[in-house]
file model_4.pdb (PDB, N, CA and C atoms)
ATOM      1  N   MET A   1      53.421   7.644 136.666
ATOM      2  CA  MET A   1      54.615   8.455 136.528
ATOM      3  C   MET A   1      54.822   9.261 137.801
ATOM      4  N   ALA A   2      56.058   9.370 138.204
ATOM      5  CA  ALA A   2      56.391  10.071 139.442
ATOM      6  C   ALA A   2      56.212  11.575 139.279
ATOM      7  N   ASP A   3      55.784  12.213 140.359
ATOM      8  CA  ASP A   3      55.648  13.664 140.304
ATOM      9  C   ASP A   3      57.008  14.327 140.503
ATOM     10  N   ASP A   4      57.042  15.650 140.387
ATOM     11  CA  ASP A   4      58.304  16.380 140.490
ATOM     12  C   ASP A   4      58.989  16.178 141.836
ATOM     13  N   ALA A   5      58.209  16.098 142.913
ATOM     14  CA  ALA A   5      58.799  15.921 144.242
ATOM     15  C   ALA A   5      59.542  14.594 144.333
ATOM     16  N   VAL A   6      58.978  13.536 143.774
ATOM     17  CA  VAL A   6      59.630  12.228 143.791
ATOM     18  C   VAL A   6      60.915  12.277 142.969
ATOM     19  N   GLY A   7      60.855  12.914 141.823
ATOM     20  CA  GLY A   7      62.045  13.058 140.990
ATOM     21  C   GLY A   7      63.150  13.816 141.690
ATOM     22  N   LYS A   8      62.799  14.895 142.369
ATOM     23  CA  LYS A   8      63.796  15.674 143.097
ATOM     24  C   LYS A   8      64.406  14.864 144.230
ATOM     25  N   MET A   9      63.562  14.133 144.962
ATOM     26  CA  MET A   9      64.073  13.283 146.041
ATOM     27  C   MET A   9      65.017  12.219 145.486
ATOM     28  N   ALA A  10      64.606  11.588 144.400
ATOM     29  CA  ALA A  10      65.412  10.525 143.804
ATOM     30  C   ALA A  10      66.751  11.064 143.308
ATOM     31  N   ASN A  11      66.735  12.217 142.675
ATOM     32  CA  ASN A  11      67.975  12.818 142.173
ATOM     33  C   ASN A  11      68.925  13.182 143.304
ATOM     34  N   GLN A  12      68.401  13.776 144.369
ATOM     35  CA  GLN A  12      69.235  14.143 145.506
ATOM     36  C   GLN A  12      69.816  12.899 146.167
ATOM     37  N   LEU A  13      68.987  11.891 146.344
ATOM     38  CA  LEU A  13      69.451  10.648 146.953
ATOM     39  C   LEU A  13      70.499   9.967 146.077
ATOM     40  N   ALA A  14      70.336  10.031 144.780
ATOM     41  CA  ALA A  14      71.317   9.445 143.866
ATOM     42  C   ALA A  14      72.663  10.146 144.008
ATOM     43  N   GLU A  15      72.657  11.463 144.076
ATOM     44  CA  GLU A  15      73.907  12.216 144.247
ATOM     45  C   GLU A  15      74.587  11.843 145.562
ATOM     46  N   GLU A  16      73.796  11.766 146.632
ATOM     47  CA  GLU A  16      74.351  11.405 147.939
ATOM     48  C   GLU A  16      74.883   9.975 147.937
ATOM     49  N   CYS A  17      74.163   9.077 147.306
ATOM     50  CA  CYS A  17      74.585   7.685 147.249
ATOM     51  C   CYS A  17      75.899   7.542 146.487
ATOM     52  N   LEU A  18      76.030   8.230 145.374
ATOM     53  CA  LEU A  18      77.272   8.164 144.610
ATOM     54  C   LEU A  18      78.452   8.694 145.421
ATOM     55  N   ALA A  19      78.223   9.739 146.200
ATOM     56  CA  ALA A  19      79.285  10.280 147.040
ATOM     57  C   ALA A  19      79.706   9.265 148.109
ATOM     58  N   VAL A  20      78.730   8.602 148.719
ATOM     59  CA  VAL A  20      79.041   7.594 149.736
ATOM     60  C   VAL A  20      79.735   6.396 149.088
ATOM     61  N   GLN A  21      79.271   5.982 147.931
ATOM     62  CA  GLN A  21      79.917   4.874 147.220
ATOM     63  C   GLN A  21      81.370   5.190 146.940
ATOM     64  N   LYS A  22      81.627   6.403 146.502
ATOM     65  CA  LYS A  22      83.002   6.803 146.178
ATOM     66  C   LYS A  22      83.879   6.782 147.423
ATOM     67  N   GLU A  23      83.349   7.296 148.521
ATOM     68  CA  GLU A  23      84.139   7.353 149.756
ATOM     69  C   GLU A  23      84.369   5.976 150.366
ATOM     70  N   THR A  24      83.360   5.115 150.309
ATOM     71  CA  THR A  24      83.462   3.801 150.950
ATOM     72  C   THR A  24      84.011   2.715 150.032
ATOM     73  N   GLY A  25      83.958   2.939 148.727
ATOM     74  CA  GLY A  25      84.401   1.932 147.782
ATOM     75  C   GLY A  25      83.366   0.846 147.518
ATOM     76  N   GLU A  26      82.185   0.995 148.073
ATOM     77  CA  GLU A  26      81.107   0.021 147.861
ATOM     78  C   GLU A  26      80.359   0.394 146.582
ATOM     79  N   ASP A  27      80.779  -0.186 145.465
ATOM     80  CA  ASP A  27      80.221   0.224 144.179
ATOM     81  C   ASP A  27      78.816  -0.311 143.905
ATOM     82  N   ARG A  28      78.294  -1.182 144.752
ATOM     83  CA  ARG A  28      76.925  -1.683 144.579
ATOM     84  C   ARG A  28      76.002  -1.208 145.708
ATOM     85  N   LEU A  29      76.431  -0.210 146.446
ATOM     86  CA  LEU A  29      75.623   0.338 147.533
ATOM     87  C   LEU A  29      74.253   0.776 147.034
ATOM     88  N   PHE A  30      74.199   1.283 145.828
ATOM     89  CA  PHE A  30      72.928   1.773 145.287
ATOM     90  C   PHE A  30      71.872   0.675 145.233
ATOM     91  N   MET A  31      72.306  -0.578 145.063
ATOM     92  CA  MET A  31      71.346  -1.679 145.050
ATOM     93  C   MET A  31      70.738  -1.878 146.439
ATOM     94  N   GLN A  32      71.541  -1.724 147.460
ATOM     95  CA  GLN A  32      71.037  -1.850 148.831
ATOM     96  C   GLN A  32      70.076  -0.713 149.149
ATOM     97  N   VAL A  33      70.430   0.490 148.723
ATOM     98  CA  VAL A  33      69.538   1.638 148.935
ATOM     99  C   VAL A  33      68.221   1.405 148.193
ATOM    100  N   GLY A  34      68.303   0.887 146.988
ATOM    101  CA  GLY A  34      67.097   0.580 146.229
ATOM    102  C   GLY A  34      66.199  -0.419 146.951
ATOM    103  N   ASP A  35      66.814  -1.424 147.572
ATOM    104  CA  ASP A  35      66.033  -2.405 148.333
ATOM    105  C   ASP A  35      65.324  -1.750 149.517
ATOM    106  N   VAL A  36      66.034  -0.858 150.207
ATOM    107  CA  VAL A  36      65.442  -0.146 151.344
ATOM    108  C   VAL A  36      64.260   0.697 150.872
ATOM    109  N   LEU A  37      64.449   1.400 149.771
ATOM    110  CA  LEU A  37      63.376   2.241 149.236
ATOM    111  C   LEU A  37      62.187   1.405 148.783
ATOM    112  N   GLY A  38      62.472   0.287 148.129
ATOM    113  CA  GLY A  38      61.416  -0.559 147.597
ATOM    114  C   GLY A  38      60.507  -1.134 148.663
ATOM    115  N   ALA A  39      61.037  -1.276 149.875
ATOM    116  CA  ALA A  39      60.217  -1.798 150.971
ATOM    117  C   ALA A  39      59.122  -0.819 151.371
ATOM    118  N   SER A  40      59.327   0.464 151.073
ATOM    119  CA  SER A  40      58.350   1.489 151.440
ATOM    120  C   SER A  40      57.665   2.137 150.242
ATOM    121  N   SER A  41      58.423   2.308 149.152
ATOM    122  CA  SER A  41      57.873   3.020 148.004
ATOM    123  C   SER A  41      58.514   2.523 146.718
ATOM    124  N   GLN A  42      57.763   1.748 145.970
ATOM    125  CA  GLN A  42      58.259   1.264 144.688
ATOM    126  C   GLN A  42      58.470   2.428 143.717
ATOM    127  N   THR A  43      57.653   3.446 143.834
ATOM    128  CA  THR A  43      57.778   4.620 142.958
ATOM    129  C   THR A  43      59.107   5.322 143.178
ATOM    130  N   LEU A  44      59.461   5.556 144.446
ATOM    131  CA  LEU A  44      60.742   6.204 144.740
ATOM    132  C   LEU A  44      61.902   5.289 144.385
ATOM    133  N   GLU A  45      61.746   4.002 144.623
ATOM    134  CA  GLU A  45      62.802   3.050 144.266
ATOM    135  C   GLU A  45      63.105   3.132 142.768
ATOM    136  N   GLU A  46      62.085   3.093 141.945
ATOM    137  CA  GLU A  46      62.275   3.131 140.495
ATOM    138  C   GLU A  46      62.894   4.451 140.043
ATOM    139  N   ALA A  47      62.429   5.546 140.615
ATOM    140  CA  ALA A  47      62.985   6.853 140.255
ATOM    141  C   ALA A  47      64.452   6.951 140.674
ATOM    142  N   PHE A  48      64.760   6.447 141.859
ATOM    143  CA  PHE A  48      66.140   6.461 142.357
ATOM    144  C   PHE A  48      67.041   5.610 141.471
ATOM    145  N   LEU A  49      66.610   4.386 141.155
ATOM    146  CA  LEU A  49      67.446   3.514 140.333
ATOM    147  C   LEU A  49      67.676   4.103 138.948
ATOM    148  N   THR A  50      66.659   4.748 138.402
ATOM    149  CA  THR A  50      66.841   5.421 137.109
ATOM    150  C   THR A  50      67.861   6.550 137.238
ATOM    151  N   ALA A  51      67.725   7.347 138.283
ATOM    152  CA  ALA A  51      68.643   8.476 138.495
ATOM    153  C   ALA A  51      70.071   7.996 138.700
ATOM    154  N   ILE A  52      70.250   6.952 139.489
ATOM    155  CA  ILE A  52      71.608   6.477 139.774
ATOM    156  C   ILE A  52      72.232   5.834 138.548
ATOM    157  N   ARG A  53      71.431   5.056 137.825
ATOM    158  CA  ARG A  53      71.978   4.371 136.648
ATOM    159  C   ARG A  53      72.347   5.347 135.540
ATOM    160  N   THR A  54      71.569   6.388 135.360
ATOM    161  CA  THR A  54      71.924   7.363 134.321
ATOM    162  C   THR A  54      73.193   8.107 134.701
ATOM    163  N   ARG A  55      73.363   8.408 135.973
ATOM    164  CA  ARG A  55      74.590   9.077 136.411
ATOM    165  C   ARG A  55      75.804   8.152 136.270
ATOM    166  N   MET A  56      75.627   6.897 136.624
ATOM    167  CA  MET A  56      76.726   5.944 136.485
ATOM    168  C   MET A  56      77.068   5.720 135.013
ATOM    169  N   ALA A  57      76.063   5.680 134.174
ATOM    170  CA  ALA A  57      76.303   5.537 132.736
ATOM    171  C   ALA A  57      77.057   6.747 132.197
ATOM    172  N   GLU A  58      76.684   7.925 132.661
ATOM    173  CA  GLU A  58      77.387   9.137 132.223
ATOM    174  C   GLU A  58      78.849   9.074 132.638
ATOM    175  N   GLN A  59      79.119   8.647 133.869
ATOM    176  CA  GLN A  59      80.503   8.534 134.337
ATOM    177  C   GLN A  59      81.299   7.566 133.467
ATOM    178  N   LYS A  60      80.695   6.430 133.127
ATOM    179  CA  LYS A  60      81.374   5.453 132.271
ATOM    180  C   LYS A  60      81.608   6.023 130.871
ATOM    181  N   GLY A  61      80.620   6.745 130.364
ATOM    182  CA  GLY A  61      80.774   7.370 129.054
ATOM    183  C   GLY A  61      81.897   8.391 129.038
ATOM    184  N   ARG A  62      81.975   9.203 130.062
ATOM    185  CA  ARG A  62      83.045  10.201 130.155
ATOM    186  C   ARG A  62      84.411   9.542 130.294
ATOM    187  N   ALA A  63      84.491   8.471 131.077
ATOM    188  CA  ALA A  63      85.751   7.747 131.236
ATOM    189  C   ALA A  63      86.190   7.142 129.902
ATOM    190  N   PHE A  64      85.227   6.602 129.156
ATOM    191  CA  PHE A  64      85.537   6.039 127.846
ATOM    192  C   PHE A  64      86.064   7.112 126.896
ATOM    193  N   LEU A  65      85.401   8.255 126.873
ATOM    194  CA  LEU A  65      85.863   9.348 126.009
ATOM    195  C   LEU A  65      87.263   9.815 126.391
ATOM    196  N   ALA A  66      87.521   9.938 127.690
ATOM    197  CA  ALA A  66      88.841  10.368 128.150
ATOM    198  C   ALA A  66      89.912   9.354 127.734
ATOM    199  N   MET A  67      89.614   8.065 127.884
ATOM    200  CA  MET A  67      90.559   7.023 127.506
ATOM    201  C   MET A  67      90.803   7.044 125.995
ATOM    202  N   THR A  68      89.737   7.221 125.217
ATOM    203  CA  THR A  68      89.869   7.266 123.760
ATOM    204  C   THR A  68      90.738   8.441 123.334
ATOM    205  N   LEU A  69      90.513   9.600 123.929
ATOM    206  CA  LEU A  69      91.308  10.777 123.591
ATOM    207  C   LEU A  69      92.768  10.593 124.010
ATOM    208  N   LYS A  70      92.991   9.998 125.156
ATOM    209  CA  LYS A  70      94.357   9.754 125.644
ATOM    210  C   LYS A  70      95.096   8.830 124.677
ATOM    211  N   LYS A  71      94.439   7.758 124.227
ATOM    212  CA  LYS A  71      95.047   6.840 123.271
ATOM    213  C   LYS A  71      95.356   7.544 121.958
ATOM    214  N   HIS A  72      94.397   8.344 121.512
ATOM    215  CA  HIS A  72      94.586   9.084 120.253
ATOM    216  C   HIS A  72      95.791  10.016 120.340
ATOM    217  N   ARG A  73      95.869  10.751 121.423
ATOM    218  CA  ARG A  73      96.976  11.692 121.588
ATOM    219  C   ARG A  73      98.322  10.971 121.720
ATOM    220  N   ALA A  74      98.317   9.810 122.337
ATOM    221  CA  ALA A  74      99.566   9.040 122.472
ATOM    222  C   ALA A  74     100.057   8.545 121.109
ATOM    223  N   THR A  75      99.130   8.087 120.276
ATOM    224  CA  THR A  75      99.542   7.598 118.965
ATOM    225  C   THR A  75      99.862   8.761 118.008
ATOM    226  N   ALA A  76      99.216   9.894 118.208
ATOM    227  CA  ALA A  76      99.455  11.040 117.337
ATOM    228  C   ALA A  76     100.809  11.667 117.614
ATOM    229  N   SER A  77     101.324  11.520 118.823
ATOM    230  CA  SER A  77     102.604  12.143 119.160
ATOM    231  C   SER A  77     103.795  11.244 118.850
ATOM    232  N   GLU A  78     103.531  10.037 118.362
ATOM    233  CA  GLU A  78     104.614   9.109 118.032
ATOM    234  C   GLU A  78     105.258   9.439 116.722
TER     235      GLU A  78
END

call {"tool": "encode", "arguments": {"input": "model_4.pdb", "output": "structure tokens"}}
result
Amino acid sequence: MADDAVGKMANQLAEECLAVQKETGEDRLFMQVGDVLGASSQTLEEAFLTAIRTRMAEQKGRAFLAMTLKKHRATASE
């Protein structure tokens, strides 16, 4: 199991990666970063991929909720 320092590094890198992905439009950039990390540290690679995937899942979940609420409000106002 990764120590706190690895978790903090992975979380910070995940936040930075998501920002770069958003700016560049490269939605699979995190996979390339994971490959770079894996060449040096499998532990950091795994922590990073977990951090990035949970953040991406949260974004998808929030988008789904927003879409569901928008649909509900559109049908309720008819």

call {"tool": "residues_near_point", "arguments": {"input": "model_4.pdb", "point": "(72.5, 3.3, 145.7)", "cutoff": "7 Å", "atoms": "all atoms listed in the file", "output": "PDB file with N, CA and C atoms, in the coordinates of the input"}}
result
ATOM      1  N   LEU A  13      68.987  11.891 146.344  1.00  0.00           N
ATOM      2  CA  LEU A  13      69.451  10.648 146.953  1.00  0.00           C
ATOM      3  C   LEU A  13      70.499   9.967 146.077  1.00  0.00           C
ATOM      4  N   ALA A  14      70.336  10.031 144.780  1.00  0.00           N
ATOM      5  CA  ALA A  14      71.317   9.445 143.866  1.00  0.00           C
ATOM      6  C   ALA A  14      72.663  10.146 144.008  1.00  0.00           C
ATOM      7  N   CYS A  17      74.163   9.077 147.306  1.00  0.00           N
ATOM      8  CA  CYS A  17      74.585   7.685 147.249  1.00  0.00           C
ATOM      9  C   CYS A  17      75.899   7.542 146.487  1.00  0.00           C
ATOM     10  N   LEU A  18      76.030   8.230 145.374  1.00  0.00           N
ATOM     11  CA  LEU A  18      77.272   8.164 144.610  1.00  0.00           C
ATOM     12  C   LEU A  18      78.452   8.694 145.421  1.00  0.00           C
ATOM     13  N   ARG A  28      78.294  -1.182 144.752  1.00  0.00           N
ATOM     14  CA  ARG A  28      76.925  -1.683 144.579  1.00  0.00           C
ATOM     15  C   ARG A  28      76.002  -1.208 145.708  1.00  0.00           C
ATOM     16  N   LEU A  29      76.431  -0.210 146.446  1.00  0.00           N
ATOM     17  CA  LEU A  29      75.623   0.338 147.533  1.00  0.00           C
ATOM     18  C   LEU A  29      74.253   0.776 147.034  1.00  0.00           C
ATOM     19  N   PHE A  30      74.199   1.283 145.828  1.00  0.00           N
ATOM     20  CA  PHE A  30      72.928   1.773 145.287  1.00  0.00           C
ATOM     21  C   PHE A  30      71.872   0.675 145.233  1.00  0.00           C
ATOM     22  N   MET A  31      72.306  -0.578 145.063  1.00  0.00           N
ATOM     23  CA  MET A  31      71.346  -1.679 145.050  1.00  0.00           C
ATOM     24  C   MET A  31      70.738  -1.878 146.439  1.00  0.00           C
ATOM     25  N   GLN A  32      71.541  -1.724 147.460  1.00  0.00           N
ATOM     26  CA  GLN A  32      71.037  -1.850 148.831  1.00  0.00           C
ATOM     27  C   GLN A  32      70.076  -0.713 149.149  1.00  0.00           C
ATOM     28  N   VAL A  33      70.430   0.490 148.723  1.00  0.00           N
ATOM     29  CA  VAL A  33      69.538   1.638 148.935  1.00  0.00           C
ATOM     30  C   VAL A  33      68.221   1.405 148.193  1.00  0.00           C
ATOM     31  N   GLY A  34      68.303   0.887 146.988  1.00  0.00           N
ATOM     32  CA  GLY A  34      67.097   0.580 146.229  1.00  0.00           C
ATOM     33  C   GLY A  34      66.199  -0.419 146.951  1.00  0.00           C
ATOM     34  N   ILE A  52      70.250   6.952 139.489  1.00  0.00           N
ATOM     35  CA  ILE A  52      71.608   6.477 139.774  1.00  0.00           C
ATOM     36  C   ILE A  52      72.232   5.834 138.548  1.00  0.00           C
TER      37      ILE A  52
END

call {"tool": "residues_around", "arguments": {"input": "model_4.pdb", "residues": "region 42-51 of chain A", "least_positions_apart": "6", "cutoff": "7 Å", "atoms": "only C-alpha atoms", "output": "VMD selection string"}}
result
chain A and resid 2 6 to 7 10 to 11 14 34

call {"tool": "atom_distance", "arguments": {"input": "model_4.pdb", "atom1": "CA of Ala57 (chain A)", "atom2": "CA of His72 (chain A)"}}
result
22.4 Å

call {"tool": "atom_distance", "arguments": {"input": "model_4.pdb", "atom1": "CA of Asp4 (chain A)", "atom2": "CA of Glu23 (chain A)"}}
result
28.9 Å

call {"tool": "atom_distance", "arguments": {"input": "model_4.pdb", "atom1": "CA of Lys8 (chain A)", "atom2": "CA of Arg53 (chain A)"}}
result
15.4 Å

call {"tool": "axis_aligned_box", "arguments": {"input": "model_4.pdb", "around": "region 27-35 of chain A", "padding_each_side": "5 Å", "output": "lines of an AutoDock Vina configuration file"}}
result
center_x = 73.1
center_y = -0.3
center_z = 146.7
size_x = 25.5
size_y = 14.2
size_z = 15.6
